file data-v2.csv (CSV, C-alpha atoms and all ligand atoms)
chain,number,residue,atom,x,y,z
A,12,MET,CA,-27.7,3.6,-14.2
A,13,GLY,CA,-24.8,1.3,-14.5
A,14,PHE,CA,-21.3,2.4,-13.7
A,15,LYS,CA,-18.3,1.8,-16.0
A,16,MET,CA,-14.7,1.2,-15.0
A,17,GLY,CA,-12.2,1.3,-17.8
A,18,ILE,CA,-9.2,-1.0,-17.5
A,19,VAL,CA,-6.3,1.1,-18.7
A,20,GLY,CA,-2.5,0.6,-19.0
A,21,LEU,CA,0.5,0.0,-21.2
A,22,PRO,CA,0.4,-2.9,-23.7
A,23,ASN,CA,0.9,-6.4,-22.4
A,24,VAL,CA,0.6,-5.7,-18.7
A,25,GLY,CA,-2.3,-8.1,-18.1
A,26,LYS,CA,-5.4,-6.0,-18.7
A,27,SER,CA,-7.3,-8.6,-20.8
A,28,THR,CA,-6.2,-11.4,-18.4
A,29,LEU,CA,-7.8,-9.4,-15.6
A,30,PHE,CA,-10.9,-8.6,-17.7
A,31,ASN,CA,-11.4,-12.2,-18.5
A,32,ALA,CA,-11.2,-13.2,-14.9
A,33,LEU,CA,-13.6,-10.5,-13.9
A,34,THR,CA,-16.2,-11.4,-16.5
A,35,LYS,CA,-15.5,-15.2,-16.2
A,36,THR,CA,-15.2,-15.4,-19.9
A,37,ALA,CA,-12.4,-15.6,-22.5
A,38,ALA,CA,-14.1,-12.8,-24.4
A,39,ALA,CA,-11.0,-10.8,-24.6
A,40,GLN,CA,-8.0,-12.2,-26.3
A,41,ALA,CA,-5.1,-12.2,-23.9
A,42,ALA,CA,-1.7,-13.1,-25.2
A,43,ASN,CA,1.9,-12.3,-24.9
A,44,PHE,CA,2.2,-9.6,-27.5
A,45,PRO,CA,1.7,-5.9,-27.2
A,46,PHE,CA,-1.5,-4.4,-28.8
A,47,CYS,CA,-3.2,-7.7,-28.6
A,48,THR,CA,-6.4,-5.8,-27.9
A,49,ILE,CA,-7.7,-3.2,-30.3
A,50,GLU,CA,-11.5,-3.0,-30.0
A,51,PRO,CA,-12.6,-2.4,-26.4
A,52,ASN,CA,-14.2,-5.5,-24.7
A,53,VAL,CA,-17.2,-4.7,-22.5
A,54,GLY,CA,-18.5,-7.0,-19.8
A,55,GLU,CA,-20.9,-6.8,-16.9
A,56,VAL,CA,-19.8,-8.2,-13.6
A,57,GLY,CA,-22.0,-9.1,-10.6
A,58,VAL,CA,-20.9,-7.2,-7.5
A,59,PRO,CA,-20.1,-9.7,-4.7
A,60,ASP,CA,-21.9,-8.8,-1.5
A,61,ALA,CA,-22.2,-11.2,1.4
A,62,ARG,CA,-25.1,-9.2,2.8
A,63,LEU,CA,-27.3,-10.2,-0.1
A,64,ASP,CA,-26.8,-13.9,0.6
A,65,LYS,CA,-27.8,-13.4,4.2
A,66,LEU,CA,-30.9,-11.5,3.3
A,67,ALA,CA,-31.9,-14.1,0.8
A,68,ALA,CA,-31.4,-16.9,3.3
A,69,ILE,CA,-33.7,-15.1,5.9
A,70,ALA,CA,-36.4,-14.3,3.4
A,71,GLY,CA,-36.1,-17.7,1.6
A,72,SER,CA,-35.7,-15.9,-1.7
A,73,LYS,CA,-35.7,-18.3,-4.7
A,74,GLN,CA,-33.3,-16.1,-6.7
A,75,ILE,CA,-30.3,-13.9,-5.8
A,76,ILE,CA,-29.6,-11.1,-8.2
A,77,PRO,CA,-26.5,-9.1,-7.5
A,78,THR,CA,-26.1,-5.5,-8.7
A,79,ARG,CA,-23.8,-5.1,-11.7
A,80,MET,CA,-20.8,-3.1,-12.7
A,81,THR,CA,-19.5,-2.7,-16.2
A,82,PHE,CA,-15.8,-3.2,-17.0
A,83,VAL,CA,-14.3,-2.1,-20.3
A,84,ASP,CA,-11.0,-3.6,-21.4
A,85,ILE,CA,-9.3,-0.9,-23.3
A,86,ALA,CA,-6.3,-1.3,-25.7
A,87,GLY,CA,-2.8,-0.6,-24.4
A,88,LEU,CA,-1.6,3.0,-24.5
A,89,VAL,CA,2.0,3.9,-25.3
A,90,LYS,CA,4.2,7.0,-25.1
A,91,GLY,CA,3.0,9.3,-27.9
A,92,ALA,CA,-0.6,8.0,-27.7
A,93,SER,CA,-1.9,11.6,-27.4
A,94,LYS,CA,-0.2,12.2,-30.8
A,95,GLY,CA,-1.9,9.2,-32.3
A,96,GLU,CA,1.0,6.8,-31.7
A,97,GLY,CA,-0.3,3.1,-31.6
A,98,LEU,CA,-3.8,4.1,-32.5
A,99,GLY,CA,-3.7,6.3,-29.4
A,100,ASN,CA,-6.5,8.7,-30.2
A,101,GLN,CA,-9.0,6.0,-30.7
A,102,PHE,CA,-8.1,4.4,-27.4
A,103,LEU,CA,-8.2,7.7,-25.6
A,104,ALA,CA,-11.8,8.2,-26.9
A,105,ASN,CA,-12.7,4.8,-25.2
A,106,ILE,CA,-11.4,6.2,-21.9
A,107,ARG,CA,-13.6,9.3,-22.2
A,108,GLU,CA,-16.7,7.2,-21.9
A,109,VAL,CA,-15.9,5.5,-18.5
A,110,ASP,CA,-16.7,6.8,-15.0
A,111,ALA,CA,-13.4,5.7,-13.5
A,112,ILE,CA,-10.1,4.2,-14.4
A,113,ALA,CA,-8.6,1.0,-13.1
A,114,HIS,CA,-4.9,1.5,-14.1
A,115,VAL,CA,-3.2,-1.8,-14.4
A,116,LEU,CA,0.6,-1.7,-13.7
A,117,ARG,CA,2.9,-4.5,-14.4
A,118,CYS,CA,4.4,-5.6,-11.1
A,119,PHE,CA,5.4,-9.1,-12.1
A,120,GLU,CA,8.8,-10.3,-13.4
A,121,ASP,CA,8.7,-12.8,-16.2
A,122,GLY,CA,11.4,-12.8,-18.8
A,123,ASP,CA,9.0,-14.4,-21.2
A,124,VAL,CA,6.4,-11.7,-21.2
A,125,THR,CA,7.5,-8.7,-23.2
A,126,HIS,CA,7.5,-5.2,-21.5
A,127,VAL,CA,7.2,-2.5,-24.1
A,128,GLU,CA,9.9,-0.5,-22.4
A,129,GLY,CA,12.1,-3.5,-21.8
A,130,ARG,CA,12.1,-3.2,-18.0
A,131,VAL,CA,9.7,-3.6,-15.0
A,132,ASP,CA,9.1,-0.2,-13.4
A,133,PRO,CA,5.4,0.4,-12.5
A,134,VAL,CA,5.9,3.9,-11.1
A,135,ALA,CA,7.6,5.1,-14.4
A,136,ASP,CA,4.8,3.3,-16.3
A,137,ALA,CA,2.1,5.1,-14.3
A,138,GLU,CA,3.8,8.4,-15.2
A,139,THR,CA,4.0,7.5,-18.9
A,140,ILE,CA,0.3,6.8,-19.0
A,141,GLU,CA,-0.7,9.8,-16.9
A,142,THR,CA,1.5,12.0,-19.1
A,143,GLU,CA,-0.3,10.8,-22.2
A,144,LEU,CA,-3.7,11.5,-20.6
A,145,MET,CA,-2.6,15.0,-19.5
A,146,LEU,CA,-1.3,15.8,-23.0
A,147,ALA,CA,-4.6,14.6,-24.5
A,148,ASP,CA,-6.5,16.8,-22.1
A,149,ILE,CA,-4.3,19.8,-23.0
A,150,GLU,CA,-4.9,19.3,-26.6
A,151,SER,CA,-8.7,18.9,-26.3
A,152,ILE,CA,-8.9,21.9,-24.0
A,153,GLU,CA,-7.0,24.1,-26.5
A,154,LYS,CA,-9.3,23.0,-29.3
A,155,ARG,CA,-12.4,23.7,-27.2
A,156,LEU,CA,-11.2,27.1,-26.1
A,157,GLN,CA,-10.9,28.0,-29.8
A,158,ASN,CA,-14.3,26.7,-30.5
A,159,ILE,CA,-16.1,28.8,-27.9
A,160,VAL,CA,-14.3,32.1,-28.4
A,161,ARG,CA,-17.2,33.6,-30.3
A,162,LYS,CA,-19.8,32.5,-27.8
A,163,VAL,CA,-17.7,33.8,-24.9
A,164,ARG,CA,-17.4,37.2,-26.7
A,165,GLY,CA,-21.2,37.2,-27.2
A,166,GLY,CA,-21.5,36.8,-23.4
A,167,ASP,CA,-23.1,33.3,-23.5
A,168,LYS,CA,-23.3,32.4,-19.9
A,169,GLU,CA,-22.6,28.7,-20.3
A,170,ALA,CA,-19.6,29.4,-22.6
A,171,VAL,CA,-18.2,31.8,-20.1
A,172,GLN,CA,-18.4,29.3,-17.3
A,173,GLN,CA,-16.9,26.6,-19.6
A,174,GLU,CA,-14.0,28.9,-20.5
A,175,ARG,CA,-13.3,29.6,-16.9
A,176,LEU,CA,-13.2,25.9,-16.0
A,177,LEU,CA,-11.2,25.0,-19.1
A,178,ARG,CA,-8.6,27.6,-18.2
A,179,GLN,CA,-8.5,26.3,-14.6
A,180,ALA,CA,-7.8,22.8,-15.8
A,181,LEU,CA,-5.3,24.0,-18.4
A,182,SER,CA,-3.2,25.8,-15.8
A,183,VAL,CA,-2.8,22.7,-13.5
A,184,LEU,CA,-2.1,20.5,-16.5
A,185,GLU,CA,0.6,22.8,-17.8
A,186,ASP,CA,2.0,22.6,-14.3
A,187,GLY,CA,2.3,18.8,-14.9
A,188,GLN,CA,-0.6,17.8,-12.7
A,189,PRO,CA,-3.8,15.9,-13.5
A,190,ALA,CA,-7.0,18.0,-13.7
A,191,ARG,CA,-8.4,16.0,-10.8
A,192,VAL,CA,-6.4,18.1,-8.4
A,193,VAL,CA,-8.6,21.2,-9.2
A,194,ASP,CA,-10.9,22.2,-6.3
A,195,VAL,CA,-14.2,22.6,-8.0
A,196,ASP,CA,-16.9,24.9,-6.6
A,197,GLU,CA,-20.2,23.3,-5.8
A,198,ASP,CA,-21.9,25.4,-8.5
A,199,ASP,CA,-19.5,24.2,-11.1
A,200,VAL,CA,-19.5,20.5,-10.5
A,201,LYS,CA,-22.0,19.7,-13.2
A,202,ALA,CA,-20.3,21.7,-15.9
A,203,TRP,CA,-16.9,20.4,-14.8
A,204,LYS,CA,-18.1,16.8,-15.3
A,205,MET,CA,-19.4,17.7,-18.7
A,206,LEU,CA,-15.9,18.6,-19.8
A,207,GLN,CA,-15.2,14.9,-19.7
A,208,LEU,CA,-11.5,15.4,-19.2
A,209,LEU,CA,-9.5,12.2,-19.0
A,210,THR,CA,-7.5,13.2,-15.9
A,211,THR,CA,-10.5,14.2,-13.9
A,212,LYS,CA,-11.7,10.5,-13.8
A,213,PRO,CA,-11.1,8.9,-10.5
A,214,ILE,CA,-8.3,6.5,-10.6
A,215,LEU,CA,-7.4,3.2,-8.9
A,216,TYR,CA,-4.1,1.5,-9.4
A,217,VAL,CA,-4.1,-2.3,-9.9
A,218,CYS,CA,-0.7,-3.9,-9.1
A,219,ASN,CA,-0.6,-7.0,-11.2
A,220,VAL,CA,1.9,-9.1,-9.3
A,221,GLY,CA,3.3,-12.6,-9.8
A,222,GLU,CA,1.5,-15.7,-8.7
A,223,ALA,CA,3.5,-16.2,-5.5
A,224,GLU,CA,3.1,-12.6,-4.5
A,225,ALA,CA,-0.7,-12.3,-4.6
A,226,ALA,CA,-1.1,-12.3,-0.8
A,227,ASP,CA,1.5,-9.7,0.2
A,228,GLY,CA,2.6,-8.0,-2.9
A,229,ASN,CA,6.3,-7.3,-3.7
A,230,ASP,CA,8.7,-4.4,-3.9
A,231,PHE,CA,7.1,-3.1,-7.0
A,232,SER,CA,3.6,-3.0,-5.6
A,233,ALA,CA,5.0,-1.4,-2.4
A,234,ARG,CA,6.4,1.4,-4.5
A,235,VAL,CA,3.1,1.8,-6.3
A,236,GLY,CA,1.4,2.0,-2.9
A,237,GLU,CA,3.7,4.9,-1.9
A,238,MET,CA,3.0,6.7,-5.1
A,239,ALA,CA,-0.8,6.2,-4.8
A,240,ALA,CA,-0.8,7.4,-1.2
A,241,ALA,CA,1.1,10.5,-2.1
A,242,GLN,CA,-1.5,11.3,-4.8
A,243,GLY,CA,-4.4,10.5,-2.5
A,244,ASN,CA,-5.4,7.5,-4.7
A,245,SER,CA,-5.9,3.9,-3.7
A,246,HIS,CA,-4.4,0.7,-5.0
A,247,VAL,CA,-5.1,-3.0,-4.9
A,248,ILE,CA,-2.8,-5.9,-5.2
A,249,ILE,CA,-3.9,-8.6,-7.6
A,250,SER,CA,-2.3,-11.4,-9.6
A,251,ALA,CA,-4.3,-11.4,-12.8
A,252,GLN,CA,-3.0,-14.8,-13.7
A,253,ILE,CA,-4.2,-16.3,-10.4
A,254,GLU,CA,-7.5,-14.6,-10.7
A,255,GLU,CA,-8.0,-16.1,-14.1
A,256,GLU,CA,-7.3,-19.6,-12.7
A,257,ILE,CA,-9.7,-19.0,-9.8
A,258,SER,CA,-12.4,-17.8,-12.2
A,259,GLN,CA,-12.4,-21.2,-13.9
A,260,LEU,CA,-13.0,-23.1,-10.6
A,261,GLU,CA,-16.2,-24.1,-9.0
A,262,ASP,CA,-17.0,-22.1,-5.8
A,263,ASP,CA,-15.8,-24.6,-3.2
A,264,GLU,CA,-12.7,-25.4,-5.2
A,265,ALA,CA,-12.0,-21.7,-5.5
A,266,GLU,CA,-12.3,-21.3,-1.7
A,267,MET,CA,-9.8,-24.0,-1.1
A,268,PHE,CA,-7.4,-22.6,-3.6
A,269,LEU,CA,-7.7,-19.2,-2.1
A,270,SER,CA,-6.9,-20.4,1.4
A,271,GLU,CA,-3.9,-22.4,0.1
A,272,MET,CA,-2.6,-19.1,-1.4
A,273,GLY,CA,-3.1,-17.3,1.9
A,274,LEU,CA,-5.9,-15.2,0.5
A,275,GLU,CA,-9.1,-14.3,2.3
A,276,GLU,CA,-11.1,-13.6,-0.8
A,277,ALA,CA,-10.6,-13.3,-4.5
A,278,GLY,CA,-8.8,-10.2,-5.7
A,279,LEU,CA,-11.7,-9.4,-7.9
A,280,ALA,CA,-14.0,-8.8,-4.9
A,281,ARG,CA,-11.5,-6.4,-3.5
A,282,LEU,CA,-11.1,-4.7,-6.9
A,283,ILE,CA,-14.9,-4.2,-7.3
A,284,ARG,CA,-15.2,-2.9,-3.8
A,285,ALA,CA,-12.4,-0.5,-4.3
A,286,GLY,CA,-14.2,0.7,-7.5
A,287,TYR,CA,-17.3,1.1,-5.5
A,288,GLU,CA,-15.6,3.3,-2.9
A,289,LEU,CA,-13.8,5.3,-5.7
A,290,LEU,CA,-17.1,6.2,-7.2
A,291,HIS,CA,-18.9,6.7,-3.9
A,292,LEU,CA,-21.4,4.0,-4.7
A,293,GLU,CA,-23.7,2.3,-2.3
A,294,THR,CA,-26.1,-0.6,-2.3
A,295,TYR,CA,-29.7,-1.0,-1.3
A,296,PHE,CA,-31.7,-4.2,-1.4
A,297,THR,CA,-35.2,-5.4,-2.4
A,298,VAL,CA,-36.0,-8.7,-0.7
A,299,GLY,CA,-39.0,-11.0,-1.1
A,300,PRO,CA,-39.8,-14.7,-1.5
A,301,LYS,CA,-39.2,-14.5,-5.3
A,302,GLU,CA,-35.9,-12.7,-5.3
A,303,ALA,CA,-33.4,-10.9,-3.2
A,304,ARG,CA,-31.8,-8.2,-5.3
A,305,ALA,CA,-29.1,-5.5,-4.9
A,306,TRP,CA,-29.2,-2.1,-6.6
A,307,THR,CA,-26.5,0.5,-7.0
A,308,ILE,CA,-26.9,4.2,-6.1
A,309,LYS,CA,-24.6,7.1,-5.6
A,310,HIS,CA,-24.0,8.1,-2.0
A,311,GLY,CA,-26.6,10.7,-1.0
A,312,THR,CA,-29.4,9.5,-3.3
A,313,ALA,CA,-32.9,10.4,-2.2
A,314,ALA,CA,-35.6,7.6,-2.1
A,315,PRO,CA,-37.4,8.6,-5.3
A,316,GLN,CA,-34.2,8.6,-7.4
A,317,ALA,CA,-33.2,5.3,-5.8
A,318,ALA,CA,-36.5,3.9,-6.8
A,319,GLY,CA,-35.9,5.2,-10.3
A,320,VAL,CA,-32.9,2.8,-10.6
A,321,ILE,CA,-35.5,0.0,-10.7
A,322,HIS,CA,-37.9,1.7,-13.0
A,323,GLY,CA,-38.7,5.2,-14.1
A,324,ASP,CA,-42.3,4.8,-13.1
A,325,PHE,CA,-41.3,4.1,-9.5
A,326,GLU,CA,-39.6,7.5,-9.4
A,327,LYS,CA,-42.4,9.4,-11.2
A,328,GLY,CA,-45.2,7.9,-9.0
A,329,PHE,CA,-43.2,7.6,-5.8
A,330,ILE,CA,-45.3,7.7,-2.6
A,331,ARG,CA,-43.1,6.3,0.1
A,332,ALA,CA,-40.5,3.7,0.8
A,333,GLU,CA,-41.0,1.1,3.5
A,334,THR,CA,-37.5,0.9,5.0
A,335,ILE,CA,-35.7,-1.6,7.1
A,336,ALA,CA,-32.0,-1.1,8.0
A,337,TYR,CA,-29.9,-4.1,7.1
A,338,ASP,CA,-28.9,-4.8,10.7
A,339,ASP,CA,-32.5,-4.6,11.8
A,340,PHE,CA,-33.6,-7.0,9.1
A,341,LEU,CA,-31.0,-9.5,10.4
A,342,THR,CA,-31.7,-9.0,14.2
A,343,CYS,CA,-35.4,-9.2,13.7
A,344,ASP,CA,-35.1,-12.2,11.4
A,345,GLY,CA,-36.8,-10.7,8.4
A,346,GLU,CA,-39.6,-8.3,7.4
A,347,GLN,CA,-42.3,-9.6,9.7
A,348,GLY,CA,-40.1,-9.5,12.7
A,349,ALA,CA,-38.9,-6.0,11.8
A,350,LYS,CA,-42.5,-4.8,11.5
A,351,GLU,CA,-43.5,-6.2,14.8
A,352,ALA,CA,-40.5,-4.7,16.5
A,353,GLY,CA,-41.4,-1.3,15.0
A,354,LYS,CA,-38.2,-1.3,12.9
A,355,MET,CA,-40.0,-0.8,9.6
A,356,ARG,CA,-40.1,2.9,8.8
A,357,ALA,CA,-42.2,4.7,6.2
A,358,GLU,CA,-39.9,7.2,4.5
A,359,GLY,CA,-40.9,10.0,2.2
A,360,LYS,CA,-39.5,11.9,-0.8
A,361,THR,CA,-36.7,13.6,1.1
A,362,TYR,CA,-35.3,10.4,2.7
A,363,VAL,CA,-31.7,9.8,1.8
A,364,VAL,CA,-31.2,6.1,1.3
A,365,LYS,CA,-28.5,4.5,3.4
A,366,ASP,CA,-26.1,1.8,2.4
A,367,GLY,CA,-27.7,-1.6,3.1
A,368,ASP,CA,-31.3,-0.4,3.4
A,369,VAL,CA,-33.9,-3.0,2.6
A,370,LEU,CA,-36.6,-1.1,0.7
A,371,HIS,CA,-40.1,-1.6,-0.6
A,372,PHE,CA,-41.4,1.2,-2.8
A,373,LEU,CA,-45.1,2.2,-2.9
A,374,PHE,CA,-46.0,4.2,-6.0
A,375,ASN,CA,-48.9,5.5,-8.1
A,376,THR,CA,-49.2,4.3,-11.7
B,401,LIG,N1,0.4,-11.7,-13.0
B,401,LIG,C1,1.0,-12.2,-14.1
B,401,LIG,N2,2.1,-13.0,-14.0
B,401,LIG,C2,2.6,-13.5,-15.1
B,401,LIG,N3,2.2,-13.3,-16.4
B,401,LIG,C3,1.0,-12.5,-16.5
B,401,LIG,C4,0.4,-11.9,-15.4
B,401,LIG,N4,-0.7,-11.2,-15.8
B,401,LIG,C5,-0.7,-11.4,-17.2
B,401,LIG,N5,0.3,-12.1,-17.6
B,401,LIG,C6,0.7,-12.5,-19.0
B,401,LIG,O1,1.0,-11.3,-19.7
B,401,LIG,C7,0.7,-11.4,-21.1
B,401,LIG,C8,-0.1,-10.2,-21.5
B,401,LIG,O2,-1.4,-10.3,-20.9
B,401,LIG,P1,-2.7,-9.5,-21.6
B,401,LIG,O3,-2.9,-10.0,-23.0
B,401,LIG,O4,-3.8,-9.7,-20.6
B,401,LIG,O5,-2.2,-8.0,-21.6
B,401,LIG,P2,-2.9,-6.7,-22.1
B,401,LIG,O6,-2.5,-5.6,-21.1
B,401,LIG,O7,-4.3,-6.9,-22.3
B,401,LIG,O8,-2.2,-6.4,-23.5
B,401,LIG,P3,-2.6,-5.5,-24.7
B,401,LIG,O9,-2.5,-4.1,-24.3
B,401,LIG,O10,-1.6,-5.9,-25.8
B,401,LIG,O11,-4.0,-5.9,-25.1
B,401,LIG,C9,-0.1,-12.7,-21.2
B,401,LIG,O12,0.8,-13.7,-21.7
B,401,LIG,C10,-0.5,-13.0,-19.8
B,401,LIG,O13,-0.6,-14.4,-19.6
B,402,MG,MG,-5.5,-6.7,-24.0
call {"tool": "encode", "arguments": {"input": "data-v2.csv", "output": "structure tokens", "more": "lines below"}}
Ligand SMILES: Nc1ncnc2c1ncn2[C@@H]1O[C@H](COP(=O)(O)OP(=O)(O)OP(=O)(O)O)[C@@H](O)[C@H]1O
Ligand SMILES: [Mg+2]
result
Amino acid sequence: MGFKMGIVGLPNVGKSTLFNALTKTAAAQAANFPFCTIEPNVGEVGVPDARLDKLAAIAGSKQIIPTRMTFVDIAGLVKGASKGEGLGNQFLANIREVDAIAHVLRCFEDGDVTHVEGRVDPVADAETIETELMLADIESIEKRLQNIVRKVRGGDKEAVQQERLLRQALSVLEDGQPARVVDVDEDDVKAWKMLQLLTTKPILYVCNVGEAEAADGNDFSARVGEMAAAQGNSHVIISAQIEEEISQLEDDEAEMFLSEMGLEEAGLARLIRAGYELLHLETYFTVGPKEARAWTIKHGTAAPQAAGVIHGDFEKGFIRAETIAYDDFLTCDGEQGAKEAGKMRAEGKTYVVKDGDVLHFLFNT
């Protein structure tokens, strides 16, 4: 499956710095000038999960393979992007392809780092970007409404549904609100997603604070927190610069560095977890002597479809899933113990996989 988070924001706010820290590379050029990034950088990141390490230790697995999430470092957007300003249209197209948006807001003060608007004001910056996304949606909706006029007149069912949804979105957008506030009927969810509107993508604010503020944030991030709460969105506080430094350290050095900074864990782990929550993602595990591995599914996924994440054949030929809950696996000290304690369940096609389940699939080939 693979879920994609797009890193979005004004130019020069620290997007590429954050991306490099996440992917532990210097793949994206990060520098103090606006529009440093033009082509999107794409990187896969292992999702940190302490449970996986515990399972591997119990089972004596030789290899630990975390599940992965994709991050896309997108070029900076500016006012007028929806009208093509600063290569805007191209960048907006990059956003269309992601599942969720990590919106980076500059919350650090540093006279040496240029702010495109000449002042630090993350709430105003958030509005600038959101406005561009809303304008882009309005424009694309108007185009699409024109394109389906004939089909709608001809009574094409899909086109009629599309038109209804497009008009619903248009009416909130024209009211100055993002399309994500629309309450979509169960029956319309699929068609609604297919519209791929930019402002329906779930959003997470990333407050990029100064080095000394990584633990508690600052006034700027506090204001972002209020804004996010009012919108029903979440936010994380991170110093991209510190994260970049941490990403270059060995694990034990990194831990020392974190505790000196008063941080419990790297901001990246918090960011990835927040992204997981935002997308309603969950993890199940496969555990054996060879490897302990984590897999990503959407909340509410049935066992055959969960098996399909590993391989299409697992889904097609699904028979049953031998299932041990994460806590049982720990308390019973592994698969054998769980079996003896009667904690290994045989689950069929309708079983909805739970976060943390340790699964073993049986299937026909
Ligand atoms: N938390 C921070 N504190 C101080 N400086 C920072 C912080 N985060 C990033 N910077 C600096 O800000 C500058 C811009 O960073 P970066 O290139 O990552 O921005 P960007 O958002 O990717 O820009 P563009 O849109 O132009 O690609 C760099 O000089 C970087 O070192
Ligand atoms: Mg960049």
call {"tool": "closest_residue", "arguments": {"input": "data-v2.csv", "among": "A:Leu88, A:Ile152, A:Ala70, A:Leu116", "to": "Val220 in chain A", "atoms": "all atoms listed in the file"}}
result
A:Leu116
call {"tool": "residues_around", "arguments": {"input": "data-v2.csv", "residues": "Lys26 in chain A", "least_positions_apart": "3", "cutoff": "8 Å", "atoms": "only C-alpha atoms", "output": "list in words"}}
result
Ile18, Val19, Gly20, Asn23, Leu29, Phe30, Asp84, Ile85 and Val115 of chain A
call {"tool": "closest_atom_pairs", "arguments": {"input": "data-v2.csv", "of": "chain A", "to": "ligand LIG 401 (chain B)", "cutoff": "9 Å", "atoms": "all atoms listed in the file", "output": "Markdown table"}}
result
| residue | atom | partner | partner_atom | distance |
| --- | --- | --- | --- | --- |
| A:Ile18 | CA | B:LIG401 | O6 | 8.9 |
| A:Val19 | CA | B:LIG401 | O6 | 8.1 |
| A:Gly20 | CA | B:LIG401 | O6 | 6.5 |
| A:Leu21 | CA | B:LIG401 | O9 | 6.0 |
| A:Pro22 | CA | B:LIG401 | O9 | 3.2 |
| A:Asn23 | CA | B:LIG401 | O8 | 3.3 |
| A:Val24 | CA | B:LIG401 | O6 | 3.9 |
| A:Gly25 | CA | B:LIG401 | O4 | 3.3 |
| A:Lys26 | CA | B:LIG401 | O6 | 3.8 |
| A:Ser27 | CA | B:LIG401 | O4 | 3.7 |
| A:Thr28 | CA | B:LIG401 | O4 | 3.7 |
| A:Leu29 | CA | B:LIG401 | O4 | 6.4 |
| A:Phe30 | CA | B:LIG401 | O4 | 7.7 |
| A:Asn31 | CA | B:LIG401 | O4 | 8.3 |
| A:Ala39 | CA | B:LIG401 | O7 | 8.1 |
| A:Gln40 | CA | B:LIG401 | O3 | 6.5 |
| A:Ala41 | CA | B:LIG401 | O3 | 3.2 |
| A:Ala42 | CA | B:LIG401 | O3 | 4.0 |
| A:Asn43 | CA | B:LIG401 | O12 | 3.7 |
| A:Phe44 | CA | B:LIG401 | O10 | 5.6 |
| A:Pro45 | CA | B:LIG401 | O10 | 3.6 |
| A:Phe46 | CA | B:LIG401 | O10 | 3.4 |
| A:Cys47 | CA | B:LIG401 | O10 | 3.7 |
| A:Thr48 | CA | B:LIG401 | O11 | 3.7 |
| A:Ile49 | CA | B:LIG401 | O11 | 6.9 |
| A:Asp84 | CA | B:LIG401 | O7 | 7.5 |
| A:Ile85 | CA | B:LIG401 | O11 | 7.5 |
| A:Ala86 | CA | B:LIG401 | O9 | 4.9 |
| A:Gly87 | CA | B:LIG401 | O9 | 3.5 |
| A:Leu88 | CA | B:LIG401 | O9 | 7.2 |
| A:Val115 | CA | B:LIG401 | O6 | 7.7 |
| A:Leu116 | CA | B:LIG401 | O6 | 8.9 |
| A:Arg117 | CA | B:LIG401 | N4 | 7.7 |
| A:Cys118 | CA | B:LIG401 | N1 | 7.5 |
| A:Phe119 | CA | B:LIG401 | N2 | 5.5 |
| A:Glu120 | CA | B:LIG401 | C2 | 7.2 |
| A:Asp121 | CA | B:LIG401 | C2 | 6.2 |
| A:Asp123 | CA | B:LIG401 | O12 | 8.2 |
| A:Val124 | CA | B:LIG401 | O1 | 5.6 |
| A:Thr125 | CA | B:LIG401 | C7 | 7.6 |
| A:Cys218 | CA | B:LIG401 | N1 | 8.8 |
| A:Asn219 | CA | B:LIG401 | N1 | 5.1 |
| A:Val220 | CA | B:LIG401 | N1 | 4.8 |
| A:Gly221 | CA | B:LIG401 | N2 | 4.4 |
| A:Glu222 | CA | B:LIG401 | N1 | 6.0 |
| A:Glu224 | CA | B:LIG401 | N1 | 9.0 |
| A:Ala225 | CA | B:LIG401 | N1 | 8.5 |
| A:Ile249 | CA | B:LIG401 | N1 | 7.6 |
| A:Ser250 | CA | B:LIG401 | N1 | 4.4 |
| A:Ala251 | CA | B:LIG401 | N4 | 4.7 |
| A:Gln252 | CA | B:LIG401 | N1 | 4.7 |
| A:Ile253 | CA | B:LIG401 | N1 | 7.0 |
| A:Glu254 | CA | B:LIG401 | N1 | 8.7 |
| A:Glu255 | CA | B:LIG401 | N4 | 9.0 |
call {"tool": "residues_around", "arguments": {"input": "data-v2.csv", "residues": "range 169-182 of chain A", "least_positions_apart": "2", "cutoff": "10 Å", "atoms": "only C-alpha atoms", "output": "JSON, numbers by chain"}}
result
{"A": [145, 148, 149, 150, 151, 152, 153, 155, 156, 157, 158, 159, 160, 161, 162, 163, 164, 165, 166, 167, 184, 185, 186, 187, 188, 189, 190, 191, 192, 193, 194, 195, 199, 200, 202, 203, 205, 206, 208, 210, 211]}
call {"tool": "closest_residue", "arguments": {"input": "data-v2.csv", "among": "A:Ala265, A:Leu103, A:Cys343, A:Phe374", "to": "Ala318 in chain A", "atoms": "all atoms listed in the file"}}
result
A:Phe374
call {"tool": "residues_around", "arguments": {"input": "data-v2.csv", "residues": "Ala61 in chain A", "least_positions_apart": "6", "cutoff": "12 Å", "atoms": "all atoms listed in the file", "output": "list in words"}}
result
Ala67, Ala68, Ile75, Pro77, Glu276, Ala280, Thr294, Ala305, Tyr337 and Gly367 of chain A
call {"tool": "atom_distance", "arguments": {"input": "data-v2.csv", "atom1": "CA of Ala357 in chain A", "atom2": "CA of Glu333 in chain A"}}
result
4.7 Å
call {"tool": "closest_residue", "arguments": {"input": "data-v2.csv", "among": "A:Leu66, A:Ile112, A:Leu282, A:Ile248", "to": "Ala32 in chain A", "atoms": "all atoms listed in the file"}}
result
A:Leu282
call {"tool": "residues_around", "arguments": {"input": "data-v2.csv", "residues": "Leu215 in chain A", "least_positions_apart": "4", "cutoff": "8 Å", "atoms": "only C-alpha atoms", "output": "compact mmCIF listing (two decimals) with C-alpha atoms, in the coordinates of the input"}}
result
# COMPACT_ATOMS: atom_id res chain seq x y z
CA ALA A 111 -13.40 5.70 -13.50
CA ILE A 112 -10.10 4.20 -14.40
CA ALA A 113 -8.60 1.00 -13.10
CA HIS A 114 -4.90 1.50 -14.10
CA ASN A 244 -5.40 7.50 -4.70
CA SER A 245 -5.90 3.90 -3.70
CA HIS A 246 -4.40 0.70 -5.00
CA VAL A 247 -5.10 -3.00 -4.90
CA ALA A 285 -12.40 -0.50 -4.30
CA GLY A 286 -14.20 0.70 -7.50
CA LEU A 289 -13.80 5.30 -5.70
